[in-house]
$ cat my_file.txt   # compact mmCIF, C-alpha atoms and all ligand atoms
# COMPACT_ATOMS: atom_id res chain seq x y z
CA MET O 53 -26.67 48.36 -72.16
CA PRO O 54 -23.55 50.02 -73.64
CA GLU O 55 -20.45 48.89 -71.73
CA ALA O 56 -19.51 52.50 -71.13
CA ILE O 57 -22.55 53.05 -68.88
CA GLN O 58 -21.82 52.48 -65.19
CA ILE O 59 -24.40 52.30 -62.38
CA ARG O 60 -23.24 53.87 -59.12
CA CYS O 61 -24.97 54.11 -55.74
CA LEU O 62 -24.25 57.73 -54.77
CA GLN O 63 -22.79 57.87 -51.27
CA PHE O 64 -22.52 61.65 -51.50
CA ILE O 65 -24.57 63.95 -53.71
CA GLY O 66 -22.58 67.11 -54.40
CA ASP O 67 -23.06 69.97 -56.86
CA ARG O 68 -21.87 67.92 -59.84
CA GLU O 69 -24.37 65.16 -59.13
CA ILE O 70 -27.17 67.66 -58.44
CA GLN O 71 -26.58 69.27 -61.85
CA GLY O 72 -26.66 65.91 -63.62
CA LEU O 73 -29.68 64.57 -61.74
CA SER O 74 -31.50 67.85 -62.39
CA ASP O 75 -30.78 67.61 -66.13
CA VAL O 76 -32.37 64.15 -66.18
CA LEU O 77 -35.39 65.19 -64.08
CA ILE O 78 -36.05 68.29 -66.20
CA ASP O 79 -35.79 66.27 -69.42
CA CYS O 80 -38.23 63.62 -68.16
CA VAL O 81 -40.82 66.18 -66.94
CA GLU O 82 -40.51 68.13 -70.20
CA GLY O 83 -41.03 64.80 -71.97
CA GLY O 84 -44.37 64.36 -70.19
CA ALA O 85 -43.46 61.98 -67.34
CA SER O 86 -45.72 62.07 -64.28
CA VAL O 87 -43.01 62.18 -61.59
CA SER O 88 -44.36 64.70 -59.02
CA PHE O 89 -43.68 67.90 -61.00
CA MET O 90 -45.75 70.17 -63.23
CA LEU O 91 -44.70 72.34 -66.18
CA PRO O 92 -42.97 74.74 -66.33
CA MET O 93 -40.16 72.65 -64.87
CA SER O 94 -37.54 75.12 -63.72
CA ARG O 95 -33.93 74.29 -62.82
CA ALA O 96 -34.58 75.84 -59.40
CA LYS O 97 -37.36 73.31 -58.67
CA ALA O 98 -35.18 70.41 -59.84
CA GLU O 99 -32.14 71.51 -57.85
CA ALA O 100 -34.21 72.13 -54.69
CA TYR O 101 -35.62 68.61 -55.01
CA TRP O 102 -32.19 66.97 -55.36
CA HIS O 103 -30.66 69.10 -52.58
CA SER O 104 -33.39 67.82 -50.29
CA MET O 105 -32.79 64.23 -51.50
CA ALA O 106 -29.04 64.64 -50.88
CA LYS O 107 -29.79 65.41 -47.22
CA SER O 108 -32.12 62.42 -47.05
CA VAL O 109 -29.32 60.16 -48.42
CA THR O 110 -26.97 61.51 -45.75
CA ARG O 111 -29.55 60.62 -43.09
CA GLY O 112 -29.69 57.06 -44.47
CA GLU O 113 -33.35 57.33 -45.47
CA ARG O 114 -32.87 56.48 -49.14
CA LEU O 115 -30.43 55.25 -51.77
CA VAL O 116 -29.97 57.22 -54.98
CA LEU O 117 -28.39 55.32 -57.87
CA ALA O 118 -27.08 56.99 -61.01
CA ALA O 119 -26.25 55.67 -64.48
CA GLU O 120 -23.24 57.53 -65.88
CA ASP O 121 -21.79 57.52 -69.38
CA ALA O 122 -18.08 57.23 -70.21
CA GLY O 123 -17.61 60.95 -69.62
CA GLY O 124 -19.25 60.78 -66.17
CA THR O 125 -22.46 62.47 -67.31
CA ILE O 126 -25.53 61.21 -65.45
CA VAL O 127 -28.04 59.78 -67.94
CA GLY O 128 -30.43 58.04 -65.54
CA THR O 129 -31.33 57.56 -61.91
CA VAL O 130 -33.47 55.53 -59.54
CA THR O 131 -34.22 55.92 -55.81
CA VAL O 132 -34.86 53.27 -53.16
CA ILE O 133 -36.71 54.73 -50.17
CA LEU O 134 -35.48 52.78 -47.14
CA ALA O 135 -37.15 54.73 -44.32
CA GLN O 136 -40.51 53.15 -43.53
CA PRO O 137 -42.82 52.90 -40.52
CA GLU O 138 -41.48 50.68 -37.72
CA ASN O 139 -43.93 47.88 -38.61
CA GLN O 140 -42.56 47.65 -42.21
CA PRO O 141 -38.80 47.42 -41.80
CA HIS O 142 -38.58 44.83 -44.60
CA ARG O 143 -40.24 47.09 -47.22
CA GLY O 144 -38.70 49.64 -49.57
CA ASP O 145 -40.22 51.88 -52.23
CA ILE O 146 -38.81 52.45 -55.70
CA ALA O 147 -39.19 56.03 -56.90
CA LYS O 148 -37.94 58.41 -59.54
CA MET O 149 -36.73 55.92 -62.10
CA LEU O 150 -35.71 58.37 -64.80
CA VAL O 151 -33.67 57.96 -67.96
CA HIS O 152 -32.82 60.97 -70.13
CA ARG O 153 -34.62 60.73 -73.49
CA ARG O 154 -31.34 60.60 -75.38
CA ALA O 155 -30.22 57.49 -73.42
CA ARG O 156 -33.46 55.50 -73.61
CA ARG O 157 -34.09 52.09 -75.22
CA GLN O 158 -30.52 50.86 -74.63
CA GLY O 159 -31.15 48.90 -71.42
CA VAL O 160 -30.26 51.67 -68.93
CA GLY O 161 -33.68 51.43 -67.24
CA VAL O 162 -33.42 47.66 -66.73
CA ALA O 163 -29.86 48.00 -65.41
CA LEU O 164 -30.92 50.73 -62.95
CA LEU O 165 -33.84 48.64 -61.69
CA ALA O 166 -31.68 45.52 -61.26
CA ALA O 167 -29.07 47.54 -59.36
CA ALA O 168 -31.79 49.11 -57.17
CA GLU O 169 -33.15 45.65 -56.33
CA ARG O 170 -29.65 44.40 -55.40
CA SER O 171 -28.98 47.48 -53.27
CA ALA O 172 -32.34 47.14 -51.52
CA LEU O 173 -31.65 43.48 -50.74
CA SER O 174 -28.21 44.38 -49.38
CA ALA O 175 -29.91 46.97 -47.17
CA GLY O 176 -32.13 44.23 -45.71
CA LYS O 177 -35.26 44.81 -47.79
CA THR O 178 -37.27 41.79 -48.97
CA LEU O 179 -40.30 43.59 -50.44
CA LEU O 180 -40.30 46.48 -52.91
CA VAL O 181 -43.32 48.53 -53.97
CA LEU O 182 -43.74 51.17 -56.67
CA ASP O 183 -46.33 52.93 -58.72
CA THR O 184 -46.10 54.27 -62.22
CA ALA O 185 -48.11 56.24 -64.74
CA SER O 186 -45.90 55.20 -67.66
CA ASP O 187 -46.75 52.40 -70.10
CA ASP O 188 -43.04 52.12 -71.00
CA ALA O 189 -42.19 51.62 -67.32
CA GLU O 190 -45.07 49.15 -66.80
CA ARG O 191 -43.70 46.86 -69.52
CA LEU O 192 -40.22 47.09 -68.02
CA TYR O 193 -41.39 46.21 -64.48
CA ALA O 194 -43.51 43.29 -65.67
CA ARG O 195 -40.57 41.92 -67.70
CA GLN O 196 -38.34 42.15 -64.62
CA GLY O 197 -40.70 39.98 -62.58
CA TRP O 198 -42.73 42.63 -60.80
CA GLN O 199 -46.34 41.76 -59.93
CA ARG O 200 -49.01 44.20 -61.15
CA CYS O 201 -51.57 44.92 -58.40
CA GLY O 202 -54.01 47.22 -60.14
CA GLN O 203 -54.69 50.73 -61.29
CA ILE O 204 -56.08 53.78 -59.49
CA PRO O 205 -57.78 56.24 -61.86
CA ASN O 206 -57.16 60.00 -61.61
CA TYR O 207 -54.33 59.46 -59.14
CA ALA O 208 -52.13 62.34 -60.28
CA LEU O 209 -51.68 64.95 -62.97
CA LEU O 210 -49.42 64.80 -65.97
CA PRO O 211 -47.03 67.76 -66.22
CA ASN O 212 -49.51 69.47 -68.58
CA GLY O 213 -52.35 69.22 -66.04
CA MET O 214 -54.23 66.25 -67.54
CA PRO O 215 -55.30 63.66 -64.93
CA CYS O 216 -53.68 60.24 -65.19
CA ALA O 217 -54.06 56.81 -63.60
CA THR O 218 -51.30 55.08 -61.67
CA THR O 219 -50.53 51.36 -61.55
CA PHE O 220 -49.10 49.70 -58.44
CA PHE O 221 -46.52 46.89 -58.54
CA PHE O 222 -44.61 44.85 -55.94
CA LYS O 223 -41.69 42.44 -56.01
CA LEU O 224 -40.45 40.00 -53.37
CA LEU O 225 -36.66 39.94 -53.20
CA HIS O 226 -34.66 36.77 -52.63
CA SER O 227 -30.94 36.40 -52.25
CA GLY O 228 -29.21 33.94 -54.57
C1 LIG V 1 -39.40 54.07 -68.07
C2 LIG V 1 -37.95 54.43 -68.41
C3 LIG V 1 -37.16 54.64 -67.11
C4 LIG V 1 -37.31 53.26 -69.20
O1 LIG V 1 -35.93 53.56 -69.43
P1 LIG V 1 -35.10 52.91 -70.63
O2 LIG V 1 -33.66 53.15 -70.33
O3 LIG V 1 -35.61 53.36 -71.93
O4 LIG V 1 -35.43 51.35 -70.43
P2 LIG V 1 -34.83 50.12 -71.24
O5 LIG V 1 -33.90 50.60 -72.31
O6 LIG V 1 -34.28 49.16 -70.24
O7 LIG V 1 -36.13 49.48 -71.91
C5 LIG V 1 -36.98 50.26 -72.72
C6 LIG V 1 -37.25 49.57 -74.07
O8 LIG V 1 -36.06 49.53 -74.86
C7 LIG V 1 -35.85 48.20 -75.31
N1 LIG V 1 -34.40 48.00 -75.41
C8 LIG V 1 -33.50 47.86 -74.40
N2 LIG V 1 -32.25 47.70 -74.91
C9 LIG V 1 -32.37 47.77 -76.26
C10 LIG V 1 -31.44 47.70 -77.30
N3 LIG V 1 -30.12 47.52 -77.07
N4 LIG V 1 -31.90 47.82 -78.57
C11 LIG V 1 -33.22 48.00 -78.82
N5 LIG V 1 -34.16 48.08 -77.83
C12 LIG V 1 -33.73 47.97 -76.57
C13 LIG V 1 -36.49 47.35 -74.24
O9 LIG V 1 -36.80 46.05 -74.71
C14 LIG V 1 -37.73 48.15 -73.95
O10 LIG V 1 -38.67 47.90 -74.98
P3 LIG V 1 -40.28 48.16 -74.85
O11 LIG V 1 -40.48 49.65 -74.67
O12 LIG V 1 -40.81 47.67 -76.13
O13 LIG V 1 -40.78 47.43 -73.65
C15 LIG V 1 -37.89 55.70 -69.31
O14 LIG V 1 -38.78 55.54 -70.39
C16 LIG V 1 -38.24 56.99 -68.58
O15 LIG V 1 -37.40 57.60 -67.93
N6 LIG V 1 -39.50 57.44 -68.69
C17 LIG V 1 -39.93 58.71 -68.11
C18 LIG V 1 -39.92 58.68 -66.60
C19 LIG V 1 -40.91 57.69 -66.06
O16 LIG V 1 -42.08 57.69 -66.42
N7 LIG V 1 -40.39 56.83 -65.17
C20 LIG V 1 -41.19 55.81 -64.52
C21 LIG V 1 -41.56 56.33 -63.20
S1 LIG V 1 -41.94 54.97 -62.11

$ encode --input "my_file.txt" --output "structure tokens"
Amino acid sequence: MPEAIQIRCLQFIGDREIQGLSDVLIDCVEGGASVSFMLPMSRAKAEAYWHSMAKSVTRGERLVLAAEDAGGTIVGTVTVILAQPENQPHRGDIAKMLVHRRARRQGVGVALLAAAERSALSAGKTLLVLDTASDDAERLYARQGWQRCGQIPNYALLPNGMPCATTFFFKLLHSG
């Protein structure tokens, strides 16, 4: 990863962060990523999503990490969902791992995932779970030691309305 890229766990998500996170989300959906949203992907939808996530961060339900370039522009993000049912306090979910197309294939995704795993462990999590509809992401998770569980067909829709499968992964976290 370029030295100029910094990964930051956002303690507070203000207007500047919401703009940057929305830019990344819009770019990924327009690029065809299956990450909850359909086309057309408006700025209003993206901003409403991140406003709601900002409140969730404030409530301590999730961690949102951002990768920023030397100028402070957000080029990628990943979320760790901490809030789980009372019988799964040790589990977290990884969601919304997104890297802007112009910042891909430089190691930002791997750095975000590693930082998310460290943050989850620090928050007391020892098991992480995620699902993905992206072959690029699948390779990345497998390389980083995640265990592939299997695939569910027709799980979601791509932004253009085509059905797509999702693949589930988990990783046990250990300190040291
Ligand atoms: C999946 C995603 C987050 C990966 O982000 P990324 O920043 O490109 O990830 P990395 O750079 O760490 O790795 C991607 C590839 O670049 C390669 N790479 C990393 N650094 C490199 C470098 N300096 N030079 C050349 N290649 C490099 C990696 O080996 C990897 O190769 P592979 O595709 O052959 O496996 C990104 O593609 C994305 O946002 N996709 C859309 C959203 C999505 O589907 N997210 C998953 C939801 S769970």

$ atom_distance --input "my_file.txt" --atom1 "CA of Ser104 in chain O" --atom2 "CA of Met214 in chain O"
27.1 Å

$ residues_near_ligand --input "my_file.txt" --ligand "ligand LIG 1 (chain V)" --cutoff "8 Å" --atoms "only C-alpha atoms and all ligand atoms" --output "ChimeraX atom specification"
/O:53-54,80-81,83-87,128,146-153,155-163,182-192

$ atom_distance --input "my_file.txt" --atom1 "CA of Ile70 in chain O" --atom2 "CA of Thr129 in chain O"
11.5 Å

$ residues_around --input "my_file.txt" --residues "Ala96 in chain O" --least-positions-apart "4" --cutoff "12 Å" --atoms "all atoms listed in the file" --output "list of chain:residue names"
O:Ile70, O:Gln71, O:Ser74, O:Asp75, O:Leu77, O:Ile78, O:Pro92, O:Ala100, O:Tyr101, O:Trp102, O:His103

$ residues_near_point --input "my_file.txt" --point "(-35.1, 56.0, -46.5)" --cutoff "9 Å" --atoms "all atoms listed in the file" --output "NGL selection string"
:O and (108-109 or 111-115 or 132-136 or 144-145)

$ residues_around --input "my_file.txt" --residues "range 58-68 of chain O" --least-positions-apart "5" --cutoff "8 Å" --atoms "all atoms listed in the file" --output "PDB file with C-alpha atoms, in the frame of the given file"
ATOM      1  CA  ALA O 106     -29.040  64.640 -50.880  1.00  0.00           C
ATOM      2  CA  VAL O 109     -29.320  60.160 -48.420  1.00  0.00           C
ATOM      3  CA  THR O 110     -26.970  61.510 -45.750  1.00  0.00           C
ATOM      4  CA  LEU O 115     -30.430  55.250 -51.770  1.00  0.00           C
ATOM      5  CA  VAL O 116     -29.970  57.220 -54.980  1.00  0.00           C
ATOM      6  CA  LEU O 117     -28.390  55.320 -57.870  1.00  0.00           C
ATOM      7  CA  ALA O 118     -27.080  56.990 -61.010  1.00  0.00           C
ATOM      8  CA  ALA O 119     -26.250  55.670 -64.480  1.00  0.00           C
ATOM      9  CA  GLU O 120     -23.240  57.530 -65.880  1.00  0.00           C
ATOM     10  CA  ASP O 121     -21.790  57.520 -69.380  1.00  0.00           C
ATOM     11  CA  ALA O 122     -18.080  57.230 -70.210  1.00  0.00           C
ATOM     12  CA  ALA O 163     -29.860  48.000 -65.410  1.00  0.00           C
ATOM     13  CA  LEU O 164     -30.920  50.730 -62.950  1.00  0.00           C
ATOM     14  CA  ALA O 167     -29.070  47.540 -59.360  1.00  0.00           C
TER      15      ALA O 167
END

$ axis_aligned_box --input "my_file.txt" --around "range 64-79 of chain O" --padding-each-side "4 Å" --output "JSON"
{"center_x": -29.0, "center_y": 65.8, "center_z": -60.5, "size_x": 22.2, "size_y": 16.3, "size_z": 25.9}

$ closest_residue --input "my_file.txt" --among "O:His226, O:His142, O:Glu82, O:Thr131" --to "Ala175 in chain O" --atoms "all atoms listed in the file"
O:His142

$ residues_near_point --input "my_file.txt" --point "(-53.3, 43.6, -64.6)" --cutoff "10 Å" --atoms "all atoms listed in the file" --output "PyMOL selection string"
chain O and resi 194+199-203+219-221

$ residues_around --input "my_file.txt" --residues "Leu179 in chain O" --least-positions-apart "2" --cutoff "10 Å" --atoms "all atoms listed in the file" --output "list in words"
Gln140, Pro141, His142, Arg143, Gly144, Asp145, Glu169, Ala172, Leu173, Gly176, Lys177, Val181, Phe222, Lys223, Leu224, Leu225 and His226 of chain O

$ write_last_selection --input "my_file.txt" --atoms "C-alpha atoms" --output "PDB file, in the frame of the given file"
ATOM      1  CA  GLN O 140     -42.560  47.650 -42.210  1.00  0.00           C
ATOM      2  CA  PRO O 141     -38.800  47.420 -41.800  1.00  0.00           C
ATOM      3  CA  HIS O 142     -38.580  44.830 -44.600  1.00  0.00           C
ATOM      4  CA  ARG O 143     -40.240  47.090 -47.220  1.00  0.00           C
ATOM      5  CA  GLY O 144     -38.700  49.640 -49.570  1.00  0.00           C
ATOM      6  CA  ASP O 145     -40.220  51.880 -52.230  1.00  0.00           C
ATOM      7  CA  GLU O 169     -33.150  45.650 -56.330  1.00  0.00           C
ATOM      8  CA  ALA O 172     -32.340  47.140 -51.520  1.00  0.00           C
ATOM      9  CA  LEU O 173     -31.650  43.480 -50.740  1.00  0.00           C
ATOM     10  CA  GLY O 176     -32.130  44.230 -45.710  1.00  0.00           C
ATOM     11  CA  LYS O 177     -35.260  44.810 -47.790  1.00  0.00           C
ATOM     12  CA  VAL O 181     -43.320  48.530 -53.970  1.00  0.00           C
ATOM     13  CA  PHE O 222     -44.610  44.850 -55.940  1.00  0.00           C
ATOM     14  CA  LYS O 223     -41.690  42.440 -56.010  1.00  0.00           C
ATOM     15  CA  LEU O 224     -40.450  40.000 -53.370  1.00  0.00           C
ATOM     16  CA  LEU O 225     -36.660  39.940 -53.200  1.00  0.00           C
ATOM     17  CA  HIS O 226     -34.660  36.770 -52.630  1.00  0.00           C
TER      18      HIS O 226
END

$ atom_distance --input "my_file.txt" --atom1 "CA of Val130 in chain O" --atom2 "CA of Leu73 in chain O"
10.0 Å
